[in-house]
Structure formats: C-alpha cells, structure tokens
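Peer 1: Quick one: the structure is below, and I'll ask about it shortly.
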Amino acid sequence: MARPEPTVGEVLLARIEAQTAELAGLDDAVRADEPDAVHRMRVACRRLRSALRTFRRLFTPGATDELVTDLRWLAAALGAARDREVLAERLAAEARELPAECEPQRVAAALERWGRAEYREVWPEVVAALDSPRRRALGEALTTLLADPPLRPRAARSAVPELSRIAAREQHRTAERVRTALAAAPADRAVALHEARKAAKRARYAGETAAAAIGARAERYARRMKAVQDVLGEHQDAVVAAGALAARAAGSGEPFGYGVLYGRQLVTEEAARRRLPDVWRRAGKRKLARFG
C-alpha cells in the first residue's frame, strides 16, 4: 500500500523539529568553544527563523512573531564572535600569500593577534546569551510549538503543490533583489547585493525544507540557490574585510601589507559581481521550482 503524501504542515514541523533538536544539542559544545559549534548553532537559528518566516501563512497570525525575534537575537549574539573569528582567519590566510616585500608572515601574525583579541572581547556575550532567561524561554517556546502547533487549516494541504508554490515565490523574490542589485548605483551596490544574498539564503532553506518530501528536484533547487548565496557571500565577505582593513591599517604597524590586502578585497568584490549574472541564470529558471 502506497504511503499517503505528507501535508505541507507535516513537512514544515519535521524541519522545525530537526533544527530545534540541533539547537538544543549544541549548548554544551558552544560553551566549551568546540570547533564549529558556534557556527552550527547560528545556522540552526537561521534555518528555524527562515522556516517560521517563509511558512508563516501556515500558522495562526502572530503565533510565531516572538520566536522569530528571539531566534534573530540569539543568532546575532553568536554572530559577533563567529564573524570576527572567521574574518581574522580569512585575512591571515590571505596575508600568507602576499609578496615577500609585504612581510607576509608578520602581517598574518598581526591579524591573528587582532582576531584573538576581538574574539576574547565578545566571547563573554555568547556565554551570557546561552545562560540567559531569554535563551531558556526560546527553547521552551519551540517545545511548546511542536507539542501543540498553531497551524491554520491550509497546513493540511498536500505538500508538493504547496512547496512548489513557496519555492517559486522565494525564487521570484530573489530575482527581484538580484535585478535591483545589478542595476544599483555604486554607492548602493553593497547593500543591495547583501539583500539579494539574504533572499537567496531564504530560498535555499525553503528548498532544503521541501527536499525531505520531494527529493532530488528540491535538492537541485537548494543547490542552485546556495550557489547564488555563495557568490554573494564572497562579495559581502570582501566588503566587510575591506572595511576592517581600512579601519585597522593606521594603528596596525603593517599599513603597507594591509593596503595590499585591501586592494585584493576590491578585486574579489568585482569578480563576484561579474560572476553573479551567470550564477543567477541557472538559479532563475522557472522550471527549477516546479516540483510536481
């Protein structure tokens, strides 16, 4: 006997349950500062928040608003440490590839010292967030949602057509952001590209949610959206790195090396912008979101 097709509500709750378990299981690892633990917890927050926002019409109005806000708060608390750590690691690795006249090892060592100092400065904020009543309330709220889901009747609809419709909507939303970014004036370009990246990430997560019920077609959609997210992420990382280098150069004792690294960030930004149209061409095909 064939298994009945799942409802869109069942698919959504399975995604929320999996990411809630991931979030809860990482507390001790984050407190111990284990490798990649902060990153994994932050991703779980983002996936949960994206699911609640992307599928918000399946919930009773306002039922998940506080959860979305608290997930954004926790991700931001984790992000301060994670972003500084990744930035310093990236720049130190690039510094080691500088020409000899830039004294690459010395520049890399200076960046690593800066990164460690920045990380130590914000790490107490991470632990405080994990130990806070707000974090405990977030965990309890997720448990309550799963135990008694505040779903609307539309959540009982068949999964495949609903997931296809949502994927198409997120694809269209991303397309609008990409078009806006590509047409933006230079002064507005970085912000517009970052907004496009966030839209691509949300579309990717919608594809990941659908993949549990649909399989290969949704996985392909998620991969194409991830490719867009990745190229836009390269651009955003270069923008942030350039800003950090400009702010640090005068007091670093390594202004020449920092200046060369700054120039490389500008090259990376331009390369990512040039690659975006081709990457989007693959992700923007309408048939990609047709799962049925």
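In the structure tokens, the first chain shown is A, the next is B, and so on; residue numbers restart at 1 for each chain, and ligands run from 1 in the order shown.
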Let's see if you can do this: from backbone DSSP, list all alpha helix (DSSP H) residues in range 50-104 of chain A, as a count of residues only.
Peer 2: 37
Peer 1: Output as a Markdown table one row per residue of range 53-114 of chain A within 12 Å of range 18-28 of chain A: the closest atom pair and its distance in Å to one decimal place, counting only C-alpha atoms, sorted by chain and residue number ascending.
Peer 2:
| residue | atom | partner | partner_atom | distance |
| --- | --- | --- | --- | --- |
| A:Leu67 | CA | A:Thr20 | CA | 11.9 |
| A:Leu71 | CA | A:Leu23 | CA | 10.5 |
| A:Leu74 | CA | A:Leu23 | CA | 10.7 |
| A:Ala75 | CA | A:Leu23 | CA | 10.9 |
| A:Leu78 | CA | A:Asp27 | CA | 11.6 |
Peer 1: With all heavy atoms retained, write the just-selected residues as a JSON list (two decimals), in the first residue's frame.
Peer 2:
[["chain", "number", "residue", "atom", "x", "y", "z"],
["A", 67, "LEU", "N", 8.96, 34.15, 18.56],
["A", 67, "LEU", "CA", 10.00, 33.17, 18.26],
["A", 67, "LEU", "C", 10.98, 33.70, 17.21],
["A", 67, "LEU", "O", 12.20, 33.54, 17.35],
["A", 67, "LEU", "CB", 9.37, 31.87, 17.75],
["A", 67, "LEU", "CG", 9.08, 30.77, 18.77],
["A", 67, "LEU", "CD1", 8.31, 29.64, 18.09],
["A", 67, "LEU", "CD2", 10.35, 30.26, 19.39],
["A", 71, "LEU", "N", 14.95, 34.20, 17.92],
["A", 71, "LEU", "CA", 15.94, 33.49, 17.11],
["A", 71, "LEU", "C", 16.90, 34.47, 16.45],
["A", 71, "LEU", "O", 18.10, 34.19, 16.35],
["A", 71, "LEU", "CB", 15.25, 32.63, 16.06],
["A", 71, "LEU", "CG", 14.56, 31.36, 16.59],
["A", 71, "LEU", "CD1", 13.58, 30.81, 15.58],
["A", 71, "LEU", "CD2", 15.61, 30.30, 16.95],
["A", 74, "LEU", "N", 19.37, 35.53, 19.23],
["A", 74, "LEU", "CA", 20.38, 34.54, 19.56],
["A", 74, "LEU", "C", 21.41, 34.42, 18.45],
["A", 74, "LEU", "O", 22.62, 34.34, 18.71],
["A", 74, "LEU", "CB", 19.73, 33.18, 19.83],
["A", 74, "LEU", "CG", 20.69, 32.04, 20.23],
["A", 74, "LEU", "CD1", 21.53, 32.42, 21.45],
["A", 74, "LEU", "CD2", 19.92, 30.75, 20.49],
["A", 75, "ALA", "N", 20.98, 34.43, 17.20],
["A", 75, "ALA", "CA", 21.92, 34.37, 16.08],
["A", 75, "ALA", "C", 22.86, 35.56, 16.09],
["A", 75, "ALA", "O", 24.06, 35.43, 15.81],
["A", 75, "ALA", "CB", 21.15, 34.30, 14.76],
["A", 78, "LEU", "N", 25.50, 35.13, 18.82],
["A", 78, "LEU", "CA", 26.52, 34.17, 18.38],
["A", 78, "LEU", "C", 27.38, 34.75, 17.27],
["A", 78, "LEU", "O", 28.57, 34.48, 17.18],
["A", 78, "LEU", "CB", 25.83, 32.89, 17.86],
["A", 78, "LEU", "CG", 25.03, 32.08, 18.88],
["A", 78, "LEU", "CD1", 24.13, 31.09, 18.16],
["A", 78, "LEU", "CD2", 25.96, 31.36, 19.84]]
Peer 1: For Glu140 in chain A, work out the shell of residues within 12 Å, counting only C-alpha atoms and skipping chain neighbours fewer than 4 positions away, then give it as a list of chain:residue names.
Peer 2: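 Near neighbours after the sequence-gap exclusion: A:Thr20, A:Ala24, A:Leu67, A:Asp70, A:Pro133, A:Arg134, A:Arg135, A:Arg136, A:Thr144, A:Leu145, A:Leu146, A:Ala147.
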Peer 1: Could you check the closest approach to Leu52 in chain A for each of A:Pro150, A:Pro99, A:Pro6, A:Pro124 and tell me which residue wins, using only C-alpha atoms?
Peer 2: A:Pro150
Peer 1: Hey, what's within 10 Å of Ala51 in chain A if we count only C-alpha atoms and toss same-chain stuff fewer than 6 positions away? As a PyMOL selection string, please?
Peer 2: chain A and resi 12-13+15-16+19+45+68+202+205-206+209
Peer 1: What are the closest atom pairs, with distances in Å to one decimal, for all residues of range 77-165 of chain A lying within 8 Å of range 239-258 of chain A? Consider only C-alpha atoms, order rows by chain and residue number, and present the result as a Markdown table.
Peer 2:
| residue | atom | partner | partner_atom | distance |
| --- | --- | --- | --- | --- |
| A:Leu87 | CA | A:Ala241 | CA | 6.7 |
| A:Leu91 | CA | A:Ala241 | CA | 7.5 |
| A:Ala95 | CA | A:Gly257 | CA | 7.7 |
| A:Leu98 | CA | A:Gly257 | CA | 7.8 |
| A:Cys102 | CA | A:Gly257 | CA | 5.1 |
| A:Glu103 | CA | A:Gly257 | CA | 7.4 |
| A:Pro104 | CA | A:Gly257 | CA | 7.5 |
| A:Val107 | CA | A:Gly257 | CA | 6.4 |
| A:Ala110 | CA | A:Ser252 | CA | 7.5 |
Peer 1: Need the shell around Gly292 in chain A: protein/DNA/RNA residues with any atom at most 12 Å away, counting only C-alpha atoms. Skip same-chain ones fewer than 5 positions apart. Format as a count of residues only?
Peer 2: 17
Peer 1: Quick one: residues within 7 Å of range 125-128 of chain A, only C-alpha atoms counted, chain neighbours fewer than 4 positions away excluded, as a list in words?
Peer 2: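 Those residues are Arg31, Ala77, Leu78 and Ser132 of chain A.
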